[in-house]
Structures are given as structure tokens and as C-alpha cells.
>>> print(open('start-v5.csv').read())   # CSV, C-alpha atoms
chain,number,residue,atom,x,y,z
A,1,MET,CA,400.2,58.8,76.5
A,2,ASN,CA,402.4,61.8,75.6
A,3,PRO,CA,400.4,65.0,76.5
A,4,ARG,CA,401.2,66.4,73.0
A,5,ASN,CA,399.9,63.3,71.3
A,6,LEU,CA,396.8,63.3,73.5
A,7,LYS,CA,396.1,67.0,72.6
A,8,ASN,CA,396.5,66.2,68.9
A,9,ARG,CA,394.2,63.2,69.1
A,10,LEU,CA,391.5,65.3,70.9
A,11,ARG,CA,391.9,68.0,68.3
A,12,LEU,CA,391.3,65.4,65.5
A,13,LEU,CA,388.3,64.0,67.3
A,14,ALA,CA,386.8,67.5,67.7
A,15,GLY,CA,387.4,68.2,64.1
A,16,ALA,CA,385.7,65.0,63.0
A,17,PHE,CA,382.7,65.7,65.3
A,18,ALA,CA,382.3,69.2,63.8
A,19,ILE,CA,382.4,67.7,60.3
A,20,ALA,CA,379.7,65.1,61.2
A,21,LEU,CA,377.5,67.8,62.6
A,22,SER,CA,377.8,69.9,59.5
A,23,LEU,CA,376.8,67.0,57.2
A,24,PRO,CA,373.1,67.0,56.2
A,25,ALA,CA,370.9,64.4,57.8
A,26,ALA,CA,370.2,61.3,55.7
A,27,ALA,CA,367.2,61.9,53.4
A,28,GLN,CA,364.1,60.1,54.5
A,29,ASP,CA,362.5,57.7,52.0
A,30,LYS,CA,359.3,59.3,50.7
A,31,MET,CA,356.4,56.9,50.7
A,32,GLN,CA,352.8,57.3,49.6
A,33,LEU,CA,350.0,55.3,51.1
A,34,GLN,CA,346.9,55.0,49.0
A,35,LEU,CA,343.8,54.6,51.2
A,36,ASN,CA,340.8,52.5,50.0
A,37,TRP,CA,338.2,55.2,50.9
A,38,PHE,CA,337.9,58.6,52.6
A,39,HIS,CA,339.2,58.7,56.1
A,40,LEU,CA,337.6,56.2,58.5
A,41,ALA,CA,338.5,55.0,61.9
A,42,ASP,CA,340.5,52.0,60.7
A,43,HIS,CA,342.9,54.5,59.1
A,44,SER,CA,343.5,56.2,62.5
A,45,PRO,CA,346.4,53.9,63.7
A,46,ILE,CA,348.4,55.2,60.8
A,47,TYR,CA,348.0,58.7,62.0
A,48,LEU,CA,348.8,57.7,65.6
A,49,ALA,CA,352.0,56.1,64.3
A,50,MET,CA,352.8,59.4,62.4
A,51,LYS,CA,352.1,61.5,65.6
A,52,LYS,CA,354.3,59.2,67.7
A,53,GLY,CA,357.1,59.5,65.2
A,54,TYR,CA,357.2,55.8,64.3
A,55,TYR,CA,357.6,56.4,60.6
A,56,LYS,CA,360.3,59.0,61.2
A,57,GLU,CA,362.1,56.4,63.3
A,58,GLU,CA,362.0,54.1,60.3
A,59,ASN,CA,363.3,56.9,58.1
A,60,ILE,CA,360.0,57.2,56.2
A,61,ASP,CA,358.4,60.4,55.1
A,62,LEU,CA,354.8,59.2,54.7
A,63,THR,CA,352.1,60.9,52.7
A,64,VAL,CA,348.5,59.5,53.0
A,65,LEU,CA,346.2,59.8,49.9
A,66,ARG,CA,342.4,59.7,50.1
A,67,GLY,CA,340.9,56.8,48.3
A,68,SER,CA,338.0,56.1,45.9
A,69,GLY,CA,337.5,52.4,46.4
A,70,SER,CA,339.5,49.2,46.7
A,71,ALA,CA,339.5,48.6,42.9
A,72,ASP,CA,340.9,52.1,42.3
A,73,ALA,CA,343.6,51.6,45.0
A,74,ALA,CA,344.7,48.4,43.3
A,75,LYS,CA,344.9,50.1,40.0
A,76,LYS,CA,347.0,53.0,41.3
A,77,ILE,CA,349.5,50.7,43.0
A,78,ASP,CA,349.8,48.6,39.9
A,79,LEU,CA,350.5,51.8,37.9
A,80,GLY,CA,353.1,52.9,40.4
A,81,GLN,CA,351.1,56.0,41.4
A,82,ALA,CA,351.6,55.2,45.1
A,83,ASP,CA,353.9,52.8,47.0
A,84,VAL,CA,351.5,50.8,49.3
A,85,GLY,CA,347.8,50.5,49.2
A,86,ILE,CA,344.8,49.4,51.3
A,87,ALA,CA,342.2,47.3,49.6
A,88,ASP,CA,340.0,44.3,50.1
A,89,ALA,CA,341.8,41.0,49.6
A,90,PRO,CA,339.3,39.7,47.0
A,91,THR,CA,339.7,43.0,45.0
A,92,VAL,CA,343.5,42.6,45.0
A,93,LEU,CA,343.2,38.9,44.1
A,94,THR,CA,340.9,39.8,41.1
A,95,ALA,CA,343.4,42.5,40.0
A,96,ILE,CA,346.3,40.0,40.2
A,97,SER,CA,344.3,37.5,38.1
A,98,LYS,CA,343.9,40.1,35.4
A,99,GLY,CA,347.7,40.8,35.3
A,100,ALA,CA,348.3,43.4,38.0
A,101,ASN,CA,351.8,43.1,39.4
A,102,LEU,CA,350.7,43.1,43.1
A,103,LYS,CA,351.4,41.2,46.3
A,104,MET,CA,349.7,41.4,49.7
A,105,VAL,CA,352.2,41.9,52.6
A,106,ALA,CA,349.8,42.1,55.6
A,107,VAL,CA,346.1,41.9,56.5
A,108,VAL,CA,344.3,44.8,58.1
A,109,TYR,CA,341.0,43.0,58.7
A,110,ASP,CA,341.7,39.5,59.9
A,111,LYS,CA,338.0,38.9,59.5
A,112,ALA,CA,336.2,40.5,56.6
A,113,GLY,CA,333.7,43.3,57.6
A,114,ASN,CA,331.6,43.0,54.4
A,115,ASN,CA,328.1,43.8,55.3
A,116,VAL,CA,324.7,45.3,54.3
A,117,PHE,CA,323.0,48.0,56.3
A,118,PHE,CA,319.3,48.9,56.1
A,119,ARG,CA,316.4,50.3,58.2
A,120,LYS,CA,315.1,47.7,60.7
A,121,SER,CA,311.7,48.4,59.2
A,122,ALA,CA,312.9,46.8,55.9
A,123,ASN,CA,312.3,43.4,57.6
A,124,ILE,CA,315.5,41.9,56.2
A,125,LYS,CA,316.5,38.9,58.3
A,126,THR,CA,318.6,36.7,56.0
A,127,PRO,CA,320.4,37.2,52.6
A,128,LYS,CA,317.4,35.8,50.7
A,129,ASP,CA,315.3,38.7,52.0
A,130,LEU,CA,317.5,40.9,49.7
A,131,VAL,CA,315.9,39.5,46.6
A,132,GLY,CA,313.9,42.1,44.7
A,133,LYS,CA,315.5,44.9,46.8
A,134,LYS,CA,317.5,48.0,45.6
A,135,ILE,CA,321.0,48.1,47.3
A,136,ALA,CA,323.3,51.1,47.0
A,137,VAL,CA,327.0,50.4,46.3
A,138,PRO,CA,329.8,52.6,44.8
A,139,PRO,CA,331.1,51.4,41.4
A,140,ALA,CA,334.6,50.6,42.7
A,141,ASP,CA,333.5,49.1,46.0
A,142,SER,CA,334.9,45.7,46.9
A,143,HIS,CA,331.4,44.4,47.8
A,144,ARG,CA,330.7,44.3,44.0
A,145,VAL,CA,333.6,41.8,43.6
A,146,LEU,CA,332.3,39.5,46.3
A,147,TRP,CA,328.6,39.9,45.7
A,148,PRO,CA,328.2,37.1,43.1
A,149,ALA,CA,330.1,34.6,45.4
A,150,PHE,CA,328.1,35.6,48.5
A,151,ALA,CA,324.8,35.4,46.6
A,152,ALA,CA,325.7,31.9,45.3
A,153,ILE,CA,326.6,30.7,48.8
A,154,ASN,CA,323.2,31.7,49.9
A,155,GLY,CA,321.2,30.4,46.9
A,156,ILE,CA,320.5,33.8,45.4
A,157,ASP,CA,320.6,34.9,41.8
A,158,PRO,CA,322.9,37.9,41.9
A,159,ALA,CA,320.8,39.6,39.3
A,160,SER,CA,317.7,39.4,41.5
A,161,VAL,CA,319.1,42.3,43.6
A,162,THR,CA,319.4,45.7,41.9
A,163,LEU,CA,322.7,47.4,42.6
A,164,VAL,CA,322.4,51.2,42.5
A,165,ASN,CA,325.6,53.3,41.9
A,166,ILE,CA,326.3,55.8,44.6
A,167,LYS,CA,329.3,57.9,45.8
A,168,PRO,CA,331.0,56.4,48.9
A,169,GLU,CA,329.9,59.3,51.1
A,170,GLY,CA,326.3,59.1,49.9
A,171,LYS,CA,325.4,55.6,51.2
A,172,GLN,CA,323.6,56.6,54.4
A,173,ALA,CA,321.7,59.5,52.8
A,174,ILE,CA,320.2,57.5,50.0
A,175,VAL,CA,318.9,54.9,52.5
A,176,ALA,CA,317.6,57.6,54.8
A,177,ALA,CA,315.8,59.1,51.9
A,178,ASN,CA,314.1,55.7,51.2
A,179,GLU,CA,315.4,55.8,47.6
A,180,VAL,CA,316.9,52.3,48.1
A,181,ASP,CA,316.3,49.5,50.6
A,182,GLY,CA,319.9,49.3,51.9
A,183,SER,CA,323.5,49.7,51.1
A,184,PHE,CA,326.6,47.5,51.1
A,185,ASP,CA,329.1,48.9,53.6
A,186,LEU,CA,331.6,47.7,56.1
A,187,TYR,CA,330.3,46.5,59.5
A,188,THR,CA,332.8,48.9,61.1
A,189,SER,CA,330.6,51.9,59.9
A,190,TYR,CA,327.8,50.9,62.3
A,191,ALA,CA,328.0,54.0,64.5
A,192,ILE,CA,327.9,56.2,61.4
A,193,TRP,CA,324.7,54.5,60.3
A,194,GLU,CA,323.2,55.0,63.7
A,195,LYS,CA,324.0,58.7,63.6
A,196,VAL,CA,322.0,59.0,60.3
A,197,LEU,CA,319.2,56.6,60.8
A,198,GLY,CA,318.9,56.8,64.6
A,199,LYS,CA,319.9,54.5,67.5
A,200,GLY,CA,318.0,51.3,67.4
A,201,GLU,CA,316.9,51.8,63.8
A,202,VAL,CA,319.8,50.1,62.0
A,203,GLY,CA,319.6,46.6,60.8
A,204,HIS,CA,322.5,44.7,59.2
A,205,LEU,CA,323.8,41.4,57.9
A,206,LEU,CA,327.5,40.6,58.4
A,207,TRP,CA,328.5,38.4,55.5
A,208,ALA,CA,330.9,36.5,57.6
A,209,ASP,CA,327.9,35.2,59.6
A,210,PHE,CA,326.3,33.9,56.4
A,211,GLY,CA,329.1,31.7,54.9
A,212,LEU,CA,331.8,34.2,54.0
A,213,PRO,CA,334.7,33.9,56.6
A,214,ILE,CA,337.5,35.4,54.5
A,215,TYR,CA,340.2,38.0,54.8
A,216,GLY,CA,339.1,41.7,54.5
A,217,HIS,CA,341.4,44.7,53.9
A,218,THR,CA,345.1,44.2,53.3
A,219,TYR,CA,348.2,46.2,52.8
A,220,PHE,CA,349.6,45.5,49.4
A,221,VAL,CA,352.4,46.7,47.1
A,222,ASN,CA,353.8,46.4,43.6
A,223,ASN,CA,356.2,43.6,43.2
A,224,GLU,CA,358.7,46.1,41.7
A,225,LEU,CA,359.0,47.7,45.2
A,226,LEU,CA,359.8,44.4,46.8
A,227,GLN,CA,362.6,43.9,44.3
A,228,LYS,CA,364.0,47.5,44.5
A,229,ASN,CA,363.5,48.3,48.2
A,230,PRO,CA,362.2,45.4,50.3
A,231,LYS,CA,363.4,46.9,53.5
A,232,LEU,CA,361.1,49.9,53.0
A,233,VAL,CA,358.1,47.6,53.1
A,234,GLU,CA,359.4,46.0,56.3
A,235,ARG,CA,360.0,49.4,57.9
A,236,PHE,CA,356.5,50.6,56.9
A,237,LEU,CA,354.8,47.6,58.4
A,238,ARG,CA,356.8,47.9,61.6
A,239,ALA,CA,355.8,51.5,62.1
A,240,THR,CA,352.2,50.9,61.1
A,241,HIS,CA,351.7,48.0,63.4
A,242,LYS,CA,353.2,50.0,66.3
A,243,GLY,CA,350.3,52.4,65.6
A,244,TRP,CA,347.8,49.5,65.7
A,245,ARG,CA,349.3,48.2,68.9
A,246,ASP,CA,348.9,51.6,70.5
A,247,ALA,CA,345.4,52.1,69.1
A,248,LYS,CA,344.2,49.0,70.7
A,249,ALA,CA,345.6,50.3,74.1
A,250,ASN,CA,344.1,53.7,73.6
A,251,PRO,CA,341.5,54.0,70.8
A,252,LYS,CA,340.7,57.6,71.6
A,253,ALA,CA,344.3,58.7,71.1
A,254,SER,CA,344.3,57.0,67.7
A,255,ILE,CA,341.1,58.9,66.6
A,256,ASP,CA,342.4,62.2,68.1
A,257,ALA,CA,345.6,61.9,66.1
A,258,MET,CA,343.7,61.5,62.8
A,259,VAL,CA,341.2,64.3,63.6
A,260,GLU,CA,344.2,66.6,64.4
A,261,MET,CA,345.7,66.0,60.9
A,262,VAL,CA,342.6,65.7,58.7
A,263,PRO,CA,340.1,68.6,58.8
A,264,GLY,CA,336.4,68.0,59.0
A,265,LEU,CA,336.2,64.6,60.7
A,266,ASP,CA,333.6,63.7,63.3
A,267,GLY,CA,335.8,62.4,66.1
A,268,PRO,CA,333.1,61.0,68.5
A,269,THR,CA,331.3,59.1,65.7
A,270,LEU,CA,334.6,57.6,64.4
A,271,LEU,CA,335.6,56.6,68.0
A,272,ALA,CA,332.3,54.8,68.4
A,273,THR,CA,333.3,52.5,65.5
A,274,MET,CA,336.5,51.4,67.0
A,275,PRO,CA,335.1,48.4,69.0
A,276,GLN,CA,333.9,46.8,65.8
A,277,ILE,CA,337.2,47.6,64.0
A,278,LEU,CA,339.4,46.2,66.7
A,279,ASP,CA,337.2,43.1,66.9
A,280,LEU,CA,337.8,42.4,63.2
A,281,CYS,CA,341.5,43.4,63.2
A,282,VAL,CA,342.9,42.1,66.4
A,283,THR,CA,342.4,38.4,66.7
A,284,GLU,CA,343.9,35.2,68.2
A,285,ARG,CA,346.0,35.0,65.0
A,286,SER,CA,347.5,38.4,65.5
A,287,ALA,CA,348.1,37.7,69.2
A,288,LYS,CA,350.0,34.6,68.3
A,289,TYR,CA,351.9,35.6,65.2
A,290,GLY,CA,351.8,39.4,65.2
A,291,LEU,CA,349.6,42.0,63.6
A,292,GLY,CA,348.9,41.5,59.9
A,293,TRP,CA,350.0,37.9,59.7
A,294,ILE,CA,348.5,36.0,56.8
A,295,GLU,CA,347.5,32.3,57.1
A,296,PRO,CA,347.9,30.4,53.8
A,297,GLU,CA,344.8,28.3,54.5
A,298,LEU,CA,342.5,31.3,55.0
A,299,MET,CA,344.0,33.1,52.0
A,300,GLN,CA,343.3,30.0,49.9
A,301,LYS,CA,339.7,30.0,51.2
A,302,THR,CA,339.5,33.7,50.3
A,303,MET,CA,340.7,32.9,46.8
A,304,ASP,CA,338.3,30.0,46.4
A,305,ILE,CA,335.3,32.1,47.4
A,306,THR,CA,336.4,35.1,45.3
A,307,PHE,CA,336.6,33.0,42.2
A,308,ALA,CA,333.8,30.6,42.9
A,309,ASN,CA,331.5,32.1,40.2
A,310,ASN,CA,334.0,34.2,38.3
A,311,LYS,CA,337.0,32.2,37.3
A,312,PRO,CA,340.4,34.0,37.3
A,313,GLU,CA,341.8,35.0,33.9
A,314,LYS,CA,345.0,33.3,34.8
A,315,ALA,CA,345.7,30.5,37.3
A,316,LEU,CA,346.9,31.7,40.7
A,317,ALA,CA,348.9,29.9,43.4
A,318,VAL,CA,348.3,31.1,46.9
A,319,ASN,CA,352.0,31.7,47.6
A,320,ASP,CA,352.1,34.1,44.6
A,321,VAL,CA,349.6,36.5,46.0
A,322,PHE,CA,350.9,37.2,49.5
A,323,THR,CA,354.0,37.0,51.7
A,324,ASN,CA,354.7,37.1,55.4
A,325,GLN,CA,358.4,37.8,54.7
A,326,TYR,CA,358.1,41.5,55.8
A,327,SER,CA,355.9,40.8,58.8
A,328,SER,CA,356.5,43.2,61.8
A,329,LYS,CA,355.8,40.4,64.3
A,330,ILE,CA,354.5,43.2,66.6
A,331,LYS,CA,351.8,41.8,68.8
A,332,PRO,CA,348.8,43.8,70.1
>>> encode(input="start-v5.csv", output="C-alpha cells")
Amino acid sequence: MNPRNLKNRLRLLAGAFAIALSLPAAAQDKMQLQLNWFHLADHSPIYLAMKKGYYKEENIDLTVLRGSGSADAAKKIDLGQADVGIADAPTVLTAISKGANLKMVAVVYDKAGNNVFFRKSANIKTPKDLVGKKIAVPPADSHRVLWPAFAAINGIDPASVTLVNIKPEGKQAIVAANEVDGSFDLYTSYAIWEKVLGKGEVGHLLWADFGLPIYGHTYFVNNELLQKNPKLVERFLRATHKGWRDAKANPKASIDAMVEMVPGLDGPTLLATMPQILDLCVTERSAKYGLGWIEPELMQKTMDITFANNKPEKALAVNDVFTNQYSSKIKP
């Protein structure tokens, strides 16, 4: 090549490189994640993914919003007040049956953690022992949605148990004060209950052990987002499931990441809940298909149980309420 031409070409390349460096970086997609409750250990993989830069790699600027219950999360996503939410599958199904424009895109709990905690001295051995008892449960808690179906499966009149309104953070205190006999709460909170009531003093009934093997928490979005920016959902799930993969390998790193970013959390107690969380979230299905994969048959069963005693306001087909199209296919 002619030396003069080579010099001119190098000068042009240098100029183009300088212009590229001077251009602003592509703006990240801002995304809001609406939690189902206040921060618990099952939210920590999201913070681990944030700390490791997985959302940044997917060009996502993620903001995490504290929740006030699954029903409230479903309402906010339906109203477009956040982009993706976490809520119990039956709660999302109920919202969709009432006209909410929602779709589940991945499961969090492959096995539902619905549960009731109580003092062992309450002598509760089976669901029928709840009859005549007072049970605390927040107004927007997903357990309220499932309670009639669970009661019917176990031959209980739902009205035979008195449900007492309580704030989410007050469940343990009201039981400790003997104002109620127990509280509906996720099985994954076991270590938190032991901290309040004392080791060896906590009794519980996991609903899945008494006829309710259904999906638990899910990630869900408004259908409008799937129409406008489906790739954003795919990128979100990929980053999130990298966080879950890493959390399984190192649960403490996951909790530490959340504690660093959210003031006032009790790291050791949260870490103690991780074995139960990983047991419910990382299953043979996720090992085979990838984290968050939804089986149509189990979602259909979840629908059947959800509406067993409370018929949907409109007919639902299972393929209308969920999709695996944006699955990350990341295995634990």
C-alpha cells in the first residue's frame, strides 16, 4: 500500500475512534421490580445479581420496590406502576380472572411455601386442628386467596377459623403475645419464627404436605410490556437467574449483597432461611429445564385448586396465564 494512503487511512481510523469515544454510552433501560413483601432472603439473589453487574451487562438499570402483599403487587403491575412483580401464582391467577392484564413469565417457588406457624404448645397436628382458632394474616396476603381451597381439601369450613388482620412485619409478635393461635406465613420464614418464639418452640403445617402441591411465587409482567419490549423481560430473567445460580453456590454471598444495599436487615437470621428457600426454588425441574421454568400441567393444577371453591369471573386457559418464551434456560 502507498505510504501516503496508509497514513491517510490511519488518520481516518483514529478520527473515527475519537468520535466513538466522545459519544455518550447507550442509555440503560430503567426497570422497576415490585417485591411482594418487605425484604426477605428469597429476594437476595436479585441483589447478588445487582452486585455482580448482571443487570448492567443486560443494559438494565434496576430499581427494587418494597412490597405490601402479593395482591398489591399484582394491582401495581396491572396499573403500570412497575415493570415486573413478584407474587403468588394463585394471586396472579385471581387478578387475571378479574380482568388484570398480566402474564407469569417464570416461577420463583417451584413448590409453594404456604404454611401456618404456631407455638408447639398449641397442639396443632393437622389442618383440622385449626378449627376454632384465631390465625393472623395480612389483608393482602396470598394465603387469603388460597385458604378456602386449602380448607375444602381438608374438610374444613373456611369460616370456622377466624382470620385476624395484621401488618406483615407483625406476624411473629402477635403470636408471641398469645393474642392469636398462629399465623399464615411462608415456610421459608422458619428461622425468623425460631428467633422470636425460641428454638424448638415453633410448630408448622406446610400446606403442600396436606394436599396443596402448587406453584408458589412467580415473576409476572403486564402484557403491554411483552408487546412493547419483550427482550427486556428476557434480559431481566437472564440476569436474575444468574443471581439465583450464584446464590445456590454461595448463599452467604447472596444475603451479604442484600444486607449491604438494604439498611436494617438481620443477615444471620436471613441466611438461616436459605436452606428452605433453595429447597423450594431449586428442584429437579429447574435442573432439567432451567430456573423459573413453568410446567403447564402443574400450572393447570394450580388453577384448578385456586378456583376450586371460588369460580373465576372469566374463563381462563392455562396458556393465557403464563409463558416460557422468555426463559433464561440457566441451570442451577
>>> closest_residue(input="start-v5.csv", among="A:Tyr55, A:Tyr326, A:Trp193, A:Phe307", to="A:Ala152", atoms="only C-alpha atoms")
A:Phe307
>>> residues_around(input="start-v5.csv", residues="stretch 26-36 of chain A", least_positions_apart="2", cutoff="6 Å", atoms="all atoms listed in the file", output="PyMOL selection string")
chain A and resi 59-67+69-70+73+82-87
>>> atom_distance(input="start-v5.csv", atom1="atom CA of A:Pro296", atom2="atom CA of A:Gly113")
19.6 Å
>>> atom_distance(input="start-v5.csv", atom1="atom CA of A:Gly243", atom2="atom CA of A:Pro45")
4.6 Å
>>> closest_residue(input="start-v5.csv", among="A:Leu226, A:Val282, A:Val108, A:Leu271", to="A:Leu40", atoms="all atoms listed in the file")
A:Leu271
>>> atom_distance(input="start-v5.csv", atom1="atom CA of A:Lys248", atom2="atom CA of A:Lys288")
15.7 Å
>>> closest_residue(input="start-v5.csv", among="A:Lys228, A:Lys75, A:Lys52, A:Lys111", to="A:Leu278", atoms="only C-alpha atoms")
A:Lys111
>>> closest_residue(input="start-v5.csv", among="A:Val175, A:Val105, A:Ile153, A:Ile277", to="A:Ser189", atoms="only C-alpha atoms")
A:Ile277
>>> closest_residue(input="start-v5.csv", among="A:Val318, A:Pro127, A:Trp293, A:Val164", to="A:His241", atoms="only C-alpha atoms")
A:Trp293
